[in-house]
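Since the structure comes first, as structure tokens, the remarks are kept for the end.
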Amino acid sequence: MLRLVLFLLLLPLALADPAHAERSEAERTARWADLRHAIFGDRLVTEAEEAVAIDVPARAEDAAIVPVAIRVAEALAPDIVGLYLVIDDNPSPLAAHFLFGPLADKREIATRVRIDDYTYLHAVAETTDGRLYSAARFIKAAGGCSAPAGKDQALALERLGKMKLTLADRSTAGTPVAAKLLVSHPNYSGLQIDQLSRNYIPADFMQTLEVSYNGSSVFRLESDISISEDPALTFSFRPADTGSPGVLTAEILDSNQRRFIQSWPVPAAPQM
Amino acid sequence: MFVHGGVHEEASPANNDAIANIGFVLGDDAVAVIDPGGSALEGHALRAAIRARTDRPIRYVILTHVHPDHIFGAAAFRDDRPDFVGHAKLPGALAQRGSYYLRRLHETLGGGAEGSEIVTPTLLVATRLELDLGGRRLALRAHGPAHTDNDLTILDDKTRTLWLSDLLFVDRLPVVDGSLLGWLEELDRLTTISADRAIPGHGPAAVPWPAAAEPERRYLETLARETRAAIKAGTSIARAAREVGQSERGRWLLFDEFHPRNVTASYKELEWE
């Protein structure tokens, strides 16, 4: 609901002002203050680059597929319950909210996003006792939210909802397992136009993604139209190493109430 | 057969988006345009060039694929009431992208975009189609996803000329906007076609065939090989965009503008393997 309110509040502004790239630094600061208030209310958000970091290219190669990684300092990681990714000048600024489960490796998580205009990105980490730490990066990119979808439409439809998991090789038990999850979904932003009907293609996007291992949560993602077509998540998790293989499960609910579930075996780590 | 050579630049008010090779073919009875150009201005200039040579009717305007530098001149030919010929997937691609491209054209060219329109094809090619211009036949072929998912090529039987449009880039960096692997497959098939010359979408007006395909093949194969290796090694998409294919730098025009984007697209395609 918060996301919807933000969307409705901010969309007219975004459409009415074509020269966003020209915004002054003061306007950008004011915008972040507004967004911070809309998302976190009166809670204190502390700028803390040593606690949380956000990694994006300074200039995007393709504004519809911009890689973003959020990192949390090793010492702070155990206290983190969630991460917010805010793309200040996107039509729907709250791009992602990660809620970590007991098996998450919270030190780094990465995805790919759409960037609609020159903008700041903010990552905010939330601790178990309610502290909020933020980091910001500026990116030069434009047109990512309204950029037309996909290169091979037939393939995109045929693959809808399919997922692919890649696990890094594990050397020893007790170490986190690095994983990359790909989801085939157009993640229509609602801002892409169908020329024949002259209407916007209705938004159709991944709303939640829950990743679990043997029934125990790794993370839950509440996401939005800023996530790129074919959402990609790079994360690590810490399986309880019992010496037997386990199962990783990803469950998706999209904005059209479609549910997609897929599971993969995770081999046991070699025992020392 | 007449070709107007595009300049190796990005679209700008100085070039009116006349950056692709476009042209026309004269038969005994009729004229076929192959790509009307990147703006109505360029389309009108092309039409004037045709009318300076012949009064024969312009019966076909072939749209080789959805990209703006090839098709936004189409509106200049509306009054000739030709068949606008396109790949069976072109209407879908225009629906997805047309208005976005048109908006971008206006942003880029300003007043130079005036009159440019999205023209929907009236004659679709699903696999093959032959057009008879009188004493001369054009064999059109619809390709699988390669440069885009709606590429057409044209073989002129009279001059044994293969018009490849953007399935062939010479000098200017190829742009992958369909399927990298699909493009390599299409190249394998296309290079078996015997022709005296080929016309690239960007590059010289005529090049030897199939020899002229080699640099493009080398680039695409390098892109596929090194992107696969990056995915396998767990290299992130951001790092891959900086590192893959750097041996090709210096061999192509507009490399820095388009190569990182090609890597990003290829990474996204190949990570599903």
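In the structure tokens, the first chain shown is A, the next is B, and so on; residue numbers restart at 1 for each chain, and ligands run from 1 in the order shown.
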Every residue of stretch 55-186 of chain B that DSSP places in strand (DSSP E), as a PDB file with N, CA and C atoms, in the first residue's frame:
```
ATOM      1  N   ILE B  58       5.964   3.491 -57.379  1.00  0.00           N
ATOM      2  CA  ILE B  58       6.669   2.905 -56.229  1.00  0.00           C
ATOM      3  C   ILE B  58       5.687   1.936 -55.577  1.00  0.00           C
ATOM      4  N   ARG B  59       5.874   0.667 -55.879  1.00  0.00           N
ATOM      5  CA  ARG B  59       4.852  -0.305 -55.483  1.00  0.00           C
ATOM      6  C   ARG B  59       5.138  -0.923 -54.114  1.00  0.00           C
ATOM      7  N   TYR B  60       6.398  -0.977 -53.752  1.00  0.00           N
ATOM      8  CA  TYR B  60       6.759  -1.614 -52.470  1.00  0.00           C
ATOM      9  C   TYR B  60       7.715  -0.734 -51.681  1.00  0.00           C
ATOM     10  N   VAL B  61       7.471  -0.643 -50.393  1.00  0.00           N
ATOM     11  CA  VAL B  61       8.449  -0.053 -49.481  1.00  0.00           C
ATOM     12  C   VAL B  61       8.774  -1.138 -48.460  1.00  0.00           C
ATOM     13  N   ILE B  62       9.982  -1.670 -48.576  1.00  0.00           N
ATOM     14  CA  ILE B  62      10.391  -2.775 -47.697  1.00  0.00           C
ATOM     15  C   ILE B  62      11.021  -2.196 -46.430  1.00  0.00           C
ATOM     16  N   ASP B  83       2.650  -1.127 -51.074  1.00  0.00           N
ATOM     17  CA  ASP B  83       2.603  -2.085 -49.984  1.00  0.00           C
ATOM     18  C   ASP B  83       3.829  -1.826 -49.115  1.00  0.00           C
ATOM     19  N   PHE B  84       3.596  -1.686 -47.813  1.00  0.00           N
ATOM     20  CA  PHE B  84       4.721  -1.602 -46.881  1.00  0.00           C
ATOM     21  C   PHE B  84       4.992  -3.035 -46.426  1.00  0.00           C
ATOM     22  N   VAL B  85       6.183  -3.518 -46.735  1.00  0.00           N
ATOM     23  CA  VAL B  85       6.489  -4.935 -46.545  1.00  0.00           C
ATOM     24  C   VAL B  85       7.384  -5.115 -45.328  1.00  0.00           C
ATOM     25  N   GLY B  86       6.983  -6.031 -44.439  1.00  0.00           N
ATOM     26  CA  GLY B  86       7.805  -6.257 -43.251  1.00  0.00           C
ATOM     27  C   GLY B  86       7.736  -7.709 -42.791  1.00  0.00           C
ATOM     28  N   HIS B  87       8.654  -8.042 -41.901  1.00  0.00           N
ATOM     29  CA  HIS B  87       8.687  -9.359 -41.251  1.00  0.00           C
ATOM     30  C   HIS B  87       7.376  -9.556 -40.479  1.00  0.00           C
ATOM     31  N   LEU B 123       2.013  -5.783 -45.855  1.00  0.00           N
ATOM     32  CA  LEU B 123       2.312  -7.084 -46.452  1.00  0.00           C
ATOM     33  C   LEU B 123       3.391  -7.738 -45.606  1.00  0.00           C
ATOM     34  N   LEU B 124       3.045  -8.897 -45.014  1.00  0.00           N
ATOM     35  CA  LEU B 124       3.966  -9.520 -44.057  1.00  0.00           C
ATOM     36  C   LEU B 124       4.668 -10.732 -44.658  1.00  0.00           C
ATOM     37  N   VAL B 125       5.900 -10.914 -44.238  1.00  0.00           N
ATOM     38  CA  VAL B 125       6.690 -12.057 -44.698  1.00  0.00           C
ATOM     39  C   VAL B 125       6.939 -12.972 -43.502  1.00  0.00           C
ATOM     40  N   ARG B 128       9.184 -16.638 -46.685  1.00  0.00           N
ATOM     41  CA  ARG B 128       9.738 -16.082 -47.917  1.00  0.00           C
ATOM     42  C   ARG B 128       8.650 -15.362 -48.697  1.00  0.00           C
ATOM     43  N   LEU B 129       9.075 -14.452 -49.547  1.00  0.00           N
ATOM     44  CA  LEU B 129       8.128 -13.762 -50.423  1.00  0.00           C
ATOM     45  C   LEU B 129       8.893 -13.269 -51.638  1.00  0.00           C
ATOM     46  N   GLU B 130       8.270 -13.424 -52.822  1.00  0.00           N
ATOM     47  CA  GLU B 130       8.911 -12.915 -54.029  1.00  0.00           C
ATOM     48  C   GLU B 130       8.130 -11.709 -54.538  1.00  0.00           C
ATOM     49  N   LEU B 131       8.849 -10.646 -54.873  1.00  0.00           N
ATOM     50  CA  LEU B 131       8.212  -9.455 -55.430  1.00  0.00           C
ATOM     51  C   LEU B 131       8.676  -9.302 -56.866  1.00  0.00           C
ATOM     52  N   ASP B 132       7.707  -9.176 -57.800  1.00  0.00           N
ATOM     53  CA  ASP B 132       8.038  -9.041 -59.220  1.00  0.00           C
ATOM     54  C   ASP B 132       7.950  -7.563 -59.605  1.00  0.00           C
ATOM     55  N   ARG B 137      13.136  -9.870 -60.212  1.00  0.00           N
ATOM     56  CA  ARG B 137      12.434 -10.359 -59.012  1.00  0.00           C
ATOM     57  C   ARG B 137      13.298 -10.168 -57.770  1.00  0.00           C
ATOM     58  N   LEU B 138      12.629  -9.776 -56.703  1.00  0.00           N
ATOM     59  CA  LEU B 138      13.305  -9.674 -55.409  1.00  0.00           C
ATOM     60  C   LEU B 138      12.835 -10.834 -54.537  1.00  0.00           C
ATOM     61  N   ALA B 139      13.793 -11.599 -54.004  1.00  0.00           N
ATOM     62  CA  ALA B 139      13.452 -12.708 -53.102  1.00  0.00           C
ATOM     63  C   ALA B 139      13.689 -12.243 -51.669  1.00  0.00           C
ATOM     64  N   LEU B 140      12.579 -12.113 -50.916  1.00  0.00           N
ATOM     65  CA  LEU B 140      12.665 -11.660 -49.525  1.00  0.00           C
ATOM     66  C   LEU B 140      12.676 -12.855 -48.594  1.00  0.00           C
ATOM     67  N   ARG B 141      13.472 -12.756 -47.568  1.00  0.00           N
ATOM     68  CA  ARG B 141      13.571 -13.852 -46.616  1.00  0.00           C
ATOM     69  C   ARG B 141      13.421 -13.289 -45.198  1.00  0.00           C
ATOM     70  N   ALA B 142      12.547 -13.929 -44.412  1.00  0.00           N
ATOM     71  CA  ALA B 142      12.365 -13.526 -43.016  1.00  0.00           C
ATOM     72  C   ALA B 142      13.269 -14.393 -42.139  1.00  0.00           C
ATOM     73  N   LEU B 152      14.623  -8.792 -42.173  1.00  0.00           N
ATOM     74  CA  LEU B 152      14.386  -9.253 -43.548  1.00  0.00           C
ATOM     75  C   LEU B 152      15.661  -9.041 -44.363  1.00  0.00           C
ATOM     76  N   THR B 153      15.948  -9.976 -45.291  1.00  0.00           N
ATOM     77  CA  THR B 153      16.991  -9.726 -46.287  1.00  0.00           C
ATOM     78  C   THR B 153      16.375  -9.871 -47.675  1.00  0.00           C
ATOM     79  N   ILE B 154      17.045  -9.298 -48.667  1.00  0.00           N
ATOM     80  CA  ILE B 154      16.504  -9.257 -50.023  1.00  0.00           C
ATOM     81  C   ILE B 154      17.594  -9.671 -51.006  1.00  0.00           C
ATOM     82  N   LEU B 155      17.266 -10.621 -51.886  1.00  0.00           N
ATOM     83  CA  LEU B 155      18.196 -11.016 -52.947  1.00  0.00           C
ATOM     84  C   LEU B 155      17.624 -10.550 -54.280  1.00  0.00           C
ATOM     85  N   ASP B 156      18.400  -9.753 -55.000  1.00  0.00           N
ATOM     86  CA  ASP B 156      17.996  -9.263 -56.318  1.00  0.00           C
ATOM     87  C   ASP B 156      18.573 -10.194 -57.373  1.00  0.00           C
ATOM     88  N   THR B 161      22.659  -9.414 -56.151  1.00  0.00           N
ATOM     89  CA  THR B 161      23.044  -8.597 -54.999  1.00  0.00           C
ATOM     90  C   THR B 161      22.209  -9.001 -53.791  1.00  0.00           C
ATOM     91  N   LEU B 162      22.886  -9.208 -52.681  1.00  0.00           N
ATOM     92  CA  LEU B 162      22.208  -9.614 -51.450  1.00  0.00           C
ATOM     93  C   LEU B 162      22.154  -8.418 -50.508  1.00  0.00           C
ATOM     94  N   TRP B 163      20.942  -7.902 -50.297  1.00  0.00           N
ATOM     95  CA  TRP B 163      20.772  -6.739 -49.404  1.00  0.00           C
ATOM     96  C   TRP B 163      20.532  -7.282 -47.997  1.00  0.00           C
ATOM     97  N   LEU B 164      21.539  -7.118 -47.148  1.00  0.00           N
ATOM     98  CA  LEU B 164      21.485  -7.750 -45.828  1.00  0.00           C
ATOM     99  C   LEU B 164      20.976  -6.811 -44.739  1.00  0.00           C
ATOM    100  N   SER B 165      20.902  -5.528 -45.066  1.00  0.00           N
ATOM    101  CA  SER B 165      20.565  -4.547 -44.047  1.00  0.00           C
ATOM    102  C   SER B 165      21.393  -4.833 -42.789  1.00  0.00           C
ATOM    103  N   ASP B 166      20.802  -4.749 -41.602  1.00  0.00           N
ATOM    104  CA  ASP B 166      21.625  -4.802 -40.390  1.00  0.00           C
ATOM    105  C   ASP B 166      22.017  -6.215 -39.954  1.00  0.00           C
ATOM    106  N   LEU B 167      21.756  -7.222 -40.787  1.00  0.00           N
ATOM    107  CA  LEU B 167      22.386  -8.510 -40.490  1.00  0.00           C
ATOM    108  C   LEU B 167      23.873  -8.443 -40.824  1.00  0.00           C
ATOM    109  N   LEU B 168      24.267  -7.395 -41.556  1.00  0.00           N
ATOM    110  CA  LEU B 168      25.690  -7.191 -41.823  1.00  0.00           C
ATOM    111  C   LEU B 168      26.099  -5.761 -41.476  1.00  0.00           C
ATOM    112  N   PHE B 169      27.022  -5.668 -40.531  1.00  0.00           N
ATOM    113  CA  PHE B 169      27.664  -4.391 -40.220  1.00  0.00           C
ATOM    114  C   PHE B 169      29.091  -4.470 -40.731  1.00  0.00           C
TER     115      PHE B 169
END
```
For chain B against chain A, with a cut-off of 8 Å and counting only C-alpha atoms, what is the closest atom pair and its distance in Å to one decimal for every residue that makes the cut, ordered by chain and number, as JSON lines?
```
{"residue": "B:Leu94", "atom": "CA", "partner": "A:Gln195", "partner_atom": "CA", "distance": 6.9}
{"residue": "B:Ala95", "atom": "CA", "partner": "A:Gln195", "partner_atom": "CA", "distance": 4.3}
{"residue": "B:Gln96", "atom": "CA", "partner": "A:Asp194", "partner_atom": "CA", "distance": 5.5}
{"residue": "B:Arg97", "atom": "CA", "partner": "A:Pro148", "partner_atom": "CA", "distance": 5.3}
{"residue": "B:Gly98", "atom": "CA", "partner": "A:Gln195", "partner_atom": "CA", "distance": 6.3}
{"residue": "B:Ser99", "atom": "CA", "partner": "A:Gln195", "partner_atom": "CA", "distance": 6.0}
{"residue": "B:Tyr100", "atom": "CA", "partner": "A:Ala147", "partner_atom": "CA", "distance": 7.1}
{"residue": "B:Pro145", "atom": "CA", "partner": "A:Asp152", "partner_atom": "CA", "distance": 6.7}
{"residue": "B:Thr148", "atom": "CA", "partner": "A:Lys151", "partner_atom": "CA", "distance": 6.7}
{"residue": "B:Asp149", "atom": "CA", "partner": "A:Asp152", "partner_atom": "CA", "distance": 5.8}
{"residue": "B:Asp177", "atom": "CA", "partner": "A:Lys151", "partner_atom": "CA", "distance": 5.8}
{"residue": "B:Gly178", "atom": "CA", "partner": "A:Lys151", "partner_atom": "CA", "distance": 4.9}
{"residue": "B:Ser179", "atom": "CA", "partner": "A:Lys151", "partner_atom": "CA", "distance": 7.4}
{"residue": "B:Gly234", "atom": "CA", "partner": "A:Ala168", "partner_atom": "CA", "distance": 7.8}
{"residue": "B:Ile237", "atom": "CA", "partner": "A:Pro67", "partner_atom": "CA", "distance": 7.0}
{"residue": "B:Ala238", "atom": "CA", "partner": "A:Pro67", "partner_atom": "CA", "distance": 6.2}
{"residue": "B:Pro260", "atom": "CA", "partner": "A:Glu61", "partner_atom": "CA", "distance": 6.1}
{"residue": "B:Arg261", "atom": "CA", "partner": "A:Glu61", "partner_atom": "CA", "distance": 5.3}
{"residue": "B:Thr264", "atom": "CA", "partner": "A:Asp62", "partner_atom": "CA", "distance": 7.6}
{"residue": "B:Trp272", "atom": "CA", "partner": "A:Lys164", "partner_atom": "CA", "distance": 7.1}
```
For this session: Calculate how many Å separate atom CA of B:His143 from atom CA of B:Ala93, rounding to one decimal.
Result: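 Those two atoms sit 14.3 Å apart.
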For this session: Run DSSP on the backbone and grab whatever in stretch 47-272 of chain A lands in helix (DSSP H, G or I); send it over as a PyMOL selection string.
Result: chain A and resi 77-79+153-158
Exercise. What is the distance between atom CA of B:Arg242 and atom CA of B:Phe258, in Å to one decimal?
Worked result: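 Separation of atom CA of B:Arg242 and atom CA of B:Phe258: 11.9 Å.
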Seminar exercise, completed: For A:Val72, the closest of A:Ile39, A:Ala30, A:Leu248, A:Ala135 counting only C-alpha atoms is A:Ala135
Problem set entry | Contacts of A:Ala141 at 7 Å (only C-alpha atoms; same-chain gap of 5+ positions) as a ChimeraX atom specification | /A:59-60,63,115-118
For this session: Go through A:Glu158, A:Glu229, A:Asp254, A:Glu222 and flag the residue nearest A:Pro186, using only C-alpha atoms for the distances.
Result: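 Closest to A:Pro186 of all the choices is A:Glu229.
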